[in-house]
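Novice: Have a peek at upload-v3.cif (mmCIF, N, CA and C atoms).
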```cif
data_protein
loop_
_atom_site.label_atom_id
_atom_site.label_comp_id
_atom_site.auth_asym_id
_atom_site.auth_seq_id
_atom_site.Cartn_x
_atom_site.Cartn_y
_atom_site.Cartn_z
N MET B 1 -39.27 -55.58 -0.04
CA MET B 1 -39.13 -55.17 -1.41
C MET B 1 -38.55 -53.78 -1.47
N THR B 2 -37.63 -53.54 -2.36
CA THR B 2 -37.10 -52.21 -2.60
C THR B 2 -37.81 -51.63 -3.81
N THR B 3 -38.35 -50.45 -3.66
CA THR B 3 -39.11 -49.86 -4.75
C THR B 3 -38.18 -49.23 -5.78
N LEU B 4 -38.69 -49.05 -6.99
CA LEU B 4 -37.90 -48.42 -8.04
C LEU B 4 -37.69 -46.94 -7.78
N ARG B 5 -38.68 -46.32 -7.12
CA ARG B 5 -38.57 -44.89 -6.85
C ARG B 5 -37.61 -44.59 -5.70
N SER B 6 -37.53 -45.47 -4.74
CA SER B 6 -36.67 -45.23 -3.58
C SER B 6 -35.89 -46.50 -3.27
N PRO B 7 -34.84 -46.80 -4.05
CA PRO B 7 -34.13 -48.06 -3.89
C PRO B 7 -33.48 -48.25 -2.52
N SER B 8 -33.31 -47.19 -1.76
CA SER B 8 -32.69 -47.35 -0.45
C SER B 8 -33.72 -47.57 0.66
N ARG B 9 -35.02 -47.47 0.34
CA ARG B 9 -36.06 -47.63 1.35
C ARG B 9 -36.91 -48.85 1.05
N PRO B 10 -36.68 -49.95 1.78
CA PRO B 10 -37.50 -51.16 1.55
C PRO B 10 -38.96 -50.94 1.92
N THR B 11 -39.81 -51.68 1.27
CA THR B 11 -41.24 -51.64 1.54
C THR B 11 -41.72 -53.04 1.81
N ASP B 12 -42.43 -53.25 2.91
CA ASP B 12 -43.02 -54.55 3.19
C ASP B 12 -44.41 -54.62 2.57
N LEU B 13 -44.61 -55.65 1.76
CA LEU B 13 -45.91 -55.87 1.16
C LEU B 13 -46.39 -57.27 1.53
N PRO B 14 -47.60 -57.39 2.04
CA PRO B 14 -48.11 -58.72 2.36
C PRO B 14 -48.48 -59.47 1.08
N VAL B 15 -47.81 -60.57 0.86
CA VAL B 15 -48.15 -61.44 -0.26
C VAL B 15 -48.44 -62.82 0.33
N GLY B 16 -48.50 -63.84 -0.49
CA GLY B 16 -48.83 -65.18 -0.01
C GLY B 16 -47.68 -65.87 0.70
N ALA B 17 -47.90 -67.15 1.02
CA ALA B 17 -46.93 -67.93 1.78
C ALA B 17 -45.74 -68.34 0.92
N ASN B 18 -44.55 -68.15 1.45
CA ASN B 18 -43.29 -68.53 0.82
C ASN B 18 -43.12 -67.93 -0.57
N PRO B 19 -43.08 -66.59 -0.64
CA PRO B 19 -42.91 -65.95 -1.94
C PRO B 19 -41.56 -66.29 -2.55
N ARG B 20 -41.58 -66.77 -3.78
CA ARG B 20 -40.36 -67.13 -4.52
C ARG B 20 -40.53 -66.62 -5.93
N ARG B 21 -39.49 -66.14 -6.48
CA ARG B 21 -39.47 -65.70 -7.86
C ARG B 21 -40.37 -64.49 -8.10
N ILE B 22 -39.82 -63.53 -8.75
CA ILE B 22 -40.58 -62.36 -9.15
C ILE B 22 -40.35 -62.10 -10.63
N ALA B 23 -41.27 -61.40 -11.24
CA ALA B 23 -41.14 -60.95 -12.62
C ALA B 23 -41.77 -59.57 -12.69
N ILE B 24 -41.22 -58.74 -13.53
CA ILE B 24 -41.74 -57.38 -13.68
C ILE B 24 -42.04 -57.14 -15.15
N THR B 25 -43.08 -56.37 -15.41
CA THR B 25 -43.43 -56.06 -16.80
C THR B 25 -42.35 -55.16 -17.40
N PRO B 26 -42.19 -55.19 -18.72
CA PRO B 26 -41.16 -54.37 -19.36
C PRO B 26 -41.25 -52.88 -19.03
N ASP B 27 -42.48 -52.38 -18.81
CA ASP B 27 -42.62 -50.96 -18.48
C ASP B 27 -42.48 -50.69 -16.99
N GLY B 28 -42.29 -51.74 -16.18
CA GLY B 28 -42.10 -51.58 -14.74
C GLY B 28 -43.36 -51.27 -13.97
N ALA B 29 -44.52 -51.37 -14.61
CA ALA B 29 -45.78 -50.99 -13.96
C ALA B 29 -46.31 -52.05 -13.00
N ARG B 30 -46.03 -53.32 -13.30
CA ARG B 30 -46.55 -54.40 -12.45
C ARG B 30 -45.44 -55.38 -12.11
N LEU B 31 -45.55 -55.93 -10.91
CA LEU B 31 -44.62 -56.93 -10.42
C LEU B 31 -45.43 -58.16 -10.06
N PHE B 32 -44.92 -59.33 -10.41
CA PHE B 32 -45.62 -60.59 -10.13
C PHE B 32 -44.79 -61.40 -9.16
N VAL B 33 -45.44 -61.93 -8.12
CA VAL B 33 -44.75 -62.73 -7.10
C VAL B 33 -45.41 -64.10 -7.03
N ASN B 34 -44.59 -65.14 -7.19
CA ASN B 34 -45.06 -66.52 -7.09
C ASN B 34 -45.03 -66.95 -5.63
N ASN B 35 -46.19 -67.22 -5.05
CA ASN B 35 -46.31 -67.65 -3.65
C ASN B 35 -46.43 -69.17 -3.62
N THR B 36 -45.30 -69.84 -3.46
CA THR B 36 -45.24 -71.28 -3.70
C THR B 36 -46.05 -72.12 -2.72
N LEU B 37 -46.20 -71.69 -1.48
CA LEU B 37 -46.94 -72.52 -0.52
C LEU B 37 -48.39 -72.09 -0.37
N ASP B 38 -48.85 -71.22 -1.26
CA ASP B 38 -50.26 -70.88 -1.36
C ASP B 38 -50.81 -71.31 -2.72
N GLY B 39 -49.91 -71.49 -3.68
CA GLY B 39 -50.36 -71.79 -5.04
C GLY B 39 -50.99 -70.58 -5.70
N THR B 40 -50.50 -69.38 -5.32
CA THR B 40 -51.07 -68.14 -5.85
C THR B 40 -50.00 -67.27 -6.49
N LEU B 41 -50.46 -66.26 -7.21
CA LEU B 41 -49.60 -65.26 -7.82
C LEU B 41 -50.12 -63.90 -7.38
N SER B 42 -49.26 -63.11 -6.73
CA SER B 42 -49.65 -61.75 -6.33
C SER B 42 -49.24 -60.79 -7.43
N VAL B 43 -50.15 -59.89 -7.78
CA VAL B 43 -49.88 -58.86 -8.78
C VAL B 43 -49.78 -57.53 -8.03
N ILE B 44 -48.66 -56.85 -8.18
CA ILE B 44 -48.39 -55.62 -7.44
C ILE B 44 -48.30 -54.45 -8.41
N ASP B 45 -49.01 -53.38 -8.10
CA ASP B 45 -48.92 -52.13 -8.84
C ASP B 45 -47.71 -51.39 -8.28
N THR B 46 -46.67 -51.18 -9.10
CA THR B 46 -45.43 -50.58 -8.59
C THR B 46 -45.57 -49.09 -8.33
N ALA B 47 -46.57 -48.44 -8.90
CA ALA B 47 -46.76 -47.01 -8.63
C ALA B 47 -47.32 -46.79 -7.23
N SER B 48 -48.25 -47.65 -6.82
CA SER B 48 -48.87 -47.50 -5.50
C SER B 48 -48.27 -48.43 -4.46
N ASN B 49 -47.43 -49.37 -4.90
CA ASN B 49 -46.87 -50.41 -4.01
C ASN B 49 -47.97 -51.16 -3.27
N GLU B 50 -49.00 -51.54 -4.01
CA GLU B 50 -50.11 -52.30 -3.43
C GLU B 50 -50.35 -53.56 -4.24
N VAL B 51 -50.75 -54.62 -3.52
CA VAL B 51 -51.16 -55.85 -4.20
C VAL B 51 -52.55 -55.58 -4.76
N THR B 52 -52.67 -55.65 -6.07
CA THR B 52 -53.95 -55.35 -6.70
C THR B 52 -54.79 -56.60 -6.93
N THR B 53 -54.13 -57.74 -7.12
CA THR B 53 -54.84 -58.98 -7.40
C THR B 53 -54.02 -60.14 -6.87
N THR B 54 -54.71 -61.17 -6.40
CA THR B 54 -54.06 -62.44 -6.07
C THR B 54 -54.79 -63.52 -6.84
N LEU B 55 -54.06 -64.18 -7.72
CA LEU B 55 -54.65 -65.20 -8.59
C LEU B 55 -54.34 -66.59 -8.06
N ALA B 56 -55.35 -67.44 -7.98
CA ALA B 56 -55.15 -68.84 -7.60
C ALA B 56 -54.61 -69.57 -8.83
N LEU B 57 -53.47 -70.22 -8.67
CA LEU B 57 -52.86 -70.95 -9.78
C LEU B 57 -53.01 -72.45 -9.65
N THR B 58 -52.96 -72.95 -8.42
CA THR B 58 -53.01 -74.39 -8.20
C THR B 58 -53.41 -74.66 -6.76
N THR B 59 -53.68 -75.89 -6.46
CA THR B 59 -53.86 -76.31 -5.07
C THR B 59 -52.61 -77.07 -4.67
N ILE B 60 -52.26 -76.99 -3.42
CA ILE B 60 -51.07 -77.67 -2.91
C ILE B 60 -51.49 -79.05 -2.45
N PRO B 61 -50.94 -80.12 -3.04
CA PRO B 61 -51.40 -81.49 -2.75
C PRO B 61 -50.77 -82.07 -1.48
N LEU B 62 -50.96 -81.39 -0.35
CA LEU B 62 -50.44 -81.86 0.94
C LEU B 62 -51.55 -81.90 1.97
N GLU B 63 -51.37 -82.76 2.95
CA GLU B 63 -52.31 -82.78 4.07
C GLU B 63 -52.28 -81.41 4.75
N PRO B 64 -53.41 -80.93 5.27
CA PRO B 64 -53.44 -79.59 5.88
C PRO B 64 -52.38 -79.35 6.95
N ASP B 65 -52.16 -80.32 7.85
CA ASP B 65 -51.15 -80.15 8.90
C ASP B 65 -49.74 -80.03 8.33
N ILE B 66 -49.44 -80.79 7.30
CA ILE B 66 -48.13 -80.74 6.66
C ILE B 66 -47.93 -79.38 5.99
N LEU B 67 -48.96 -78.88 5.32
CA LEU B 67 -48.87 -77.59 4.65
C LEU B 67 -48.67 -76.46 5.66
N VAL B 68 -49.38 -76.50 6.77
CA VAL B 68 -49.21 -75.49 7.82
C VAL B 68 -47.77 -75.54 8.34
N GLY B 69 -47.24 -76.73 8.57
CA GLY B 69 -45.86 -76.88 9.03
C GLY B 69 -44.86 -76.31 8.04
N LYS B 70 -45.06 -76.57 6.76
CA LYS B 70 -44.17 -76.02 5.72
C LYS B 70 -44.24 -74.50 5.69
N ARG B 71 -45.43 -73.95 5.86
CA ARG B 71 -45.58 -72.49 5.87
C ARG B 71 -44.85 -71.88 7.07
N ILE B 72 -44.97 -72.49 8.24
CA ILE B 72 -44.28 -72.00 9.43
C ILE B 72 -42.77 -72.11 9.24
N PHE B 73 -42.29 -73.25 8.77
CA PHE B 73 -40.86 -73.51 8.59
C PHE B 73 -40.21 -72.54 7.60
N ASN B 74 -40.97 -72.10 6.61
CA ASN B 74 -40.43 -71.22 5.57
C ASN B 74 -40.77 -69.75 5.77
N SER B 75 -41.30 -69.40 6.94
CA SER B 75 -41.71 -68.02 7.21
C SER B 75 -40.88 -67.42 8.34
N ALA B 76 -40.64 -66.13 8.25
CA ALA B 76 -39.95 -65.41 9.33
C ALA B 76 -40.92 -64.50 10.07
N SER B 77 -42.20 -64.76 9.98
CA SER B 77 -43.18 -63.86 10.57
C SER B 77 -43.48 -64.14 12.04
N SER B 78 -43.12 -65.31 12.55
CA SER B 78 -43.41 -65.63 13.95
C SER B 78 -42.27 -65.19 14.87
N PRO B 79 -42.55 -64.29 15.82
CA PRO B 79 -41.49 -63.87 16.74
C PRO B 79 -41.03 -65.00 17.67
N VAL B 80 -41.80 -66.07 17.76
CA VAL B 80 -41.42 -67.21 18.59
C VAL B 80 -40.29 -68.01 17.94
N LEU B 81 -40.27 -68.05 16.60
CA LEU B 81 -39.32 -68.88 15.87
C LEU B 81 -38.16 -68.11 15.25
N THR B 82 -38.19 -66.80 15.28
CA THR B 82 -37.16 -66.01 14.61
C THR B 82 -36.88 -64.73 15.37
N THR B 83 -35.66 -64.25 15.27
CA THR B 83 -35.29 -63.00 15.91
C THR B 83 -35.54 -61.87 14.93
N ASP B 84 -36.29 -60.89 15.34
CA ASP B 84 -36.55 -59.69 14.54
C ASP B 84 -37.24 -59.99 13.20
N ASN B 85 -37.85 -61.14 13.08
CA ASN B 85 -38.62 -61.51 11.87
C ASN B 85 -37.81 -61.36 10.58
N TRP B 86 -36.55 -61.80 10.60
CA TRP B 86 -35.75 -61.61 9.39
C TRP B 86 -35.16 -62.88 8.81
N ILE B 87 -35.32 -64.02 9.45
CA ILE B 87 -34.76 -65.24 8.88
C ILE B 87 -35.64 -66.42 9.30
N SER B 88 -35.95 -67.29 8.36
CA SER B 88 -36.79 -68.45 8.66
C SER B 88 -35.93 -69.67 8.97
N CYS B 89 -36.54 -70.69 9.53
CA CYS B 89 -35.84 -71.96 9.80
C CYS B 89 -35.22 -72.53 8.53
N ALA B 90 -35.95 -72.39 7.42
CA ALA B 90 -35.53 -72.99 6.14
C ALA B 90 -34.22 -72.41 5.60
N VAL B 91 -33.84 -71.22 6.05
CA VAL B 91 -32.60 -70.62 5.55
C VAL B 91 -31.39 -71.47 5.95
N CYS B 92 -31.36 -71.96 7.17
CA CYS B 92 -30.23 -72.78 7.63
C CYS B 92 -30.50 -74.28 7.50
N HIS B 93 -31.75 -74.66 7.58
CA HIS B 93 -32.13 -76.08 7.55
C HIS B 93 -32.77 -76.40 6.21
N PHE B 94 -31.94 -76.47 5.17
CA PHE B 94 -32.43 -76.73 3.82
C PHE B 94 -33.20 -78.05 3.79
N ASP B 95 -34.40 -78.02 3.28
CA ASP B 95 -35.26 -79.20 3.20
C ASP B 95 -35.39 -79.92 4.54
N GLY B 96 -35.28 -79.18 5.64
CA GLY B 96 -35.43 -79.76 6.97
C GLY B 96 -34.20 -80.47 7.48
N THR B 97 -33.08 -80.33 6.80
CA THR B 97 -31.83 -80.98 7.24
C THR B 97 -30.92 -79.93 7.86
N LEU B 98 -29.64 -80.19 7.91
CA LEU B 98 -28.67 -79.32 8.55
C LEU B 98 -27.52 -79.08 7.60
N ASP B 99 -27.08 -77.83 7.47
CA ASP B 99 -25.98 -77.54 6.55
C ASP B 99 -24.61 -77.63 7.22
N GLY B 100 -24.55 -77.70 8.55
CA GLY B 100 -23.27 -77.86 9.25
C GLY B 100 -22.42 -76.60 9.32
N ARG B 101 -22.94 -75.48 8.92
CA ARG B 101 -22.17 -74.23 8.92
C ARG B 101 -22.46 -73.41 10.16
N THR B 102 -21.50 -72.57 10.53
CA THR B 102 -21.73 -71.56 11.55
C THR B 102 -22.07 -70.27 10.83
N TRP B 103 -23.23 -69.73 11.15
CA TRP B 103 -23.72 -68.53 10.48
C TRP B 103 -23.42 -67.31 11.33
N VAL B 104 -22.93 -66.25 10.71
CA VAL B 104 -22.67 -64.99 11.42
C VAL B 104 -23.73 -63.99 11.03
N GLY B 105 -23.81 -62.90 11.79
CA GLY B 105 -24.78 -61.86 11.47
C GLY B 105 -26.05 -61.94 12.29
N PHE B 106 -26.16 -62.91 13.19
CA PHE B 106 -27.32 -62.99 14.06
C PHE B 106 -27.18 -61.96 15.17
N PRO B 107 -28.28 -61.38 15.64
CA PRO B 107 -28.20 -60.40 16.73
C PRO B 107 -27.53 -60.95 17.99
N ASP B 108 -27.66 -62.27 18.22
CA ASP B 108 -27.06 -62.88 19.40
C ASP B 108 -25.65 -63.42 19.15
N GLY B 109 -25.08 -63.17 17.99
CA GLY B 109 -23.74 -63.64 17.66
C GLY B 109 -23.79 -64.85 16.75
N PRO B 110 -22.61 -65.40 16.39
CA PRO B 110 -22.56 -66.55 15.49
C PRO B 110 -23.40 -67.72 16.01
N THR B 111 -24.06 -68.42 15.09
CA THR B 111 -24.94 -69.51 15.45
C THR B 111 -24.66 -70.70 14.56
N LYS B 112 -24.52 -71.85 15.17
CA LYS B 112 -24.39 -73.09 14.41
C LYS B 112 -25.72 -73.80 14.47
N GLY B 113 -26.23 -74.18 13.31
CA GLY B 113 -27.52 -74.85 13.25
C GLY B 113 -27.54 -76.13 14.05
N LEU B 114 -28.67 -76.39 14.68
CA LEU B 114 -28.85 -77.61 15.46
C LEU B 114 -29.66 -78.61 14.64
N PRO B 115 -29.41 -79.90 14.84
CA PRO B 115 -30.21 -80.90 14.12
C PRO B 115 -31.68 -80.76 14.51
N LEU B 116 -32.55 -80.94 13.56
CA LEU B 116 -33.98 -80.85 13.84
C LEU B 116 -34.53 -82.18 14.26
#
```
Before we go any further, please render this structure as structure tokens.

Specialist:
Amino acid sequence: MTTLRSPSRPTDLPVGANPRRIAITPDGARLFVNNTLDGTLSVIDTASNEVTTTLALTTIPLEPDILVGKRIFNSASSPVLTTDNWISCAVCHFDGTLDGRTWVGFPDGPTKGLPL
């Protein structure tokens, strides 16, 4: 996350699994993050850059093993599955398939996705 006070300095904030979509209050005081694979909403105080509350919104109707797999597939936090923790499997393998493109910008050079 890039803060409003220092737009050139990113800040890592721990939120829930597979954060998607954000919203900010009109005064910029709070930021809301939808954590799709947790069924939660993280509320962030933008002055302190801290998660102040995590609200349970729903339960995810998947078998536990399937949900764990989806969280791993959509996360860049495992050094075993990603280089430098910056890109998840889901970025190239949309919905678990293959996009057929050669991606540049990887530390090891251009990479073409492999079938899963």

Novice: Work out how far atom N of Gly28 of chain B is from atom N of Thr54 of chain B, in Å to one decimal.

Specialist: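 The value is 18.4 Å.
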
Novice: Can you pull out the residues contacting Ala47 of chain B? Cut-off 8 Å, using only N, CA and C atoms, and skip same-chain residues under 2 positions away; I want them as a list in words.

Specialist: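 Those residues are Gly28, Ala29, Arg30, Leu31, Ile44, Asp45, Asn49 and Glu50 of chain B.
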
Novice: Expressed in Å to a single decimal, how great is the separation between atom C of Thr40 of chain B and atom CA of Ser78 of chain B?

Specialist: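 Atom CA of Ser78 of chain B lies at a distance of 21.5 Å from atom C of Thr40 of chain B.
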
Novice: Around (-53.8, -63.5, -6.3) in the file's frame, which residues reach within 6 Å when counting all atoms listed in the file? Return as a PyMOL selection string?

Specialist: chain B and resi 40-43+53-56

Novice: Using all atoms listed in the file, find the one residue out of B:Arg21, B:Arg71, B:Lys112, B:His93 that sits nearest to Asp38 of chain B.

Specialist: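 Among the listed residues, B:Arg71 lies closest to Asp38 of chain B.
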
Novice: Just how far from atom CA of Leu37 of chain B is atom CA of Leu67 of chain B, in Å to one decimal?

Specialist: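 Computing the Euclidean distance for atom CA of Leu67 of chain B and atom CA of Leu37 of chain B yields 7.5 Å.
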
Novice: What are the DSSP helix (DSSP H, G or I) residues of chain B, as a list in words?

Specialist: Pro64, Asp65, Ile66, Leu67, Val68, Gly69, Lys70, Arg71, Ile72, Phe73, Cys89, Ala90, Val91, Cys92, Phe94, Asp95 and Gly96 of chain B

Novice: What's the 12 Å shell around Ser77 of chain B, counting only C-alpha atoms, without same-chain residues fewer than 2 positions away, as number ranges by chain?

Specialist: B: 12, 14, 17-18, 71-75, 79-89

Novice: As number ranges by chain, which residues of segment 13-57 of chain B does DSSP assign to strand (DSSP E)?

Specialist: B: 19-24, 30-35, 40-45, 50-56

Novice: Would you mind telling me which residue in B:Asn34, B:Gly39, B:Ala90, B:Thr58 lies nearest to Ala76 of chain B when using all atoms listed in the file?

Specialist: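 Comparing B:Asn34, B:Gly39, B:Ala90, B:Thr58 against Ala76 of chain B, the winner is B:Ala90.
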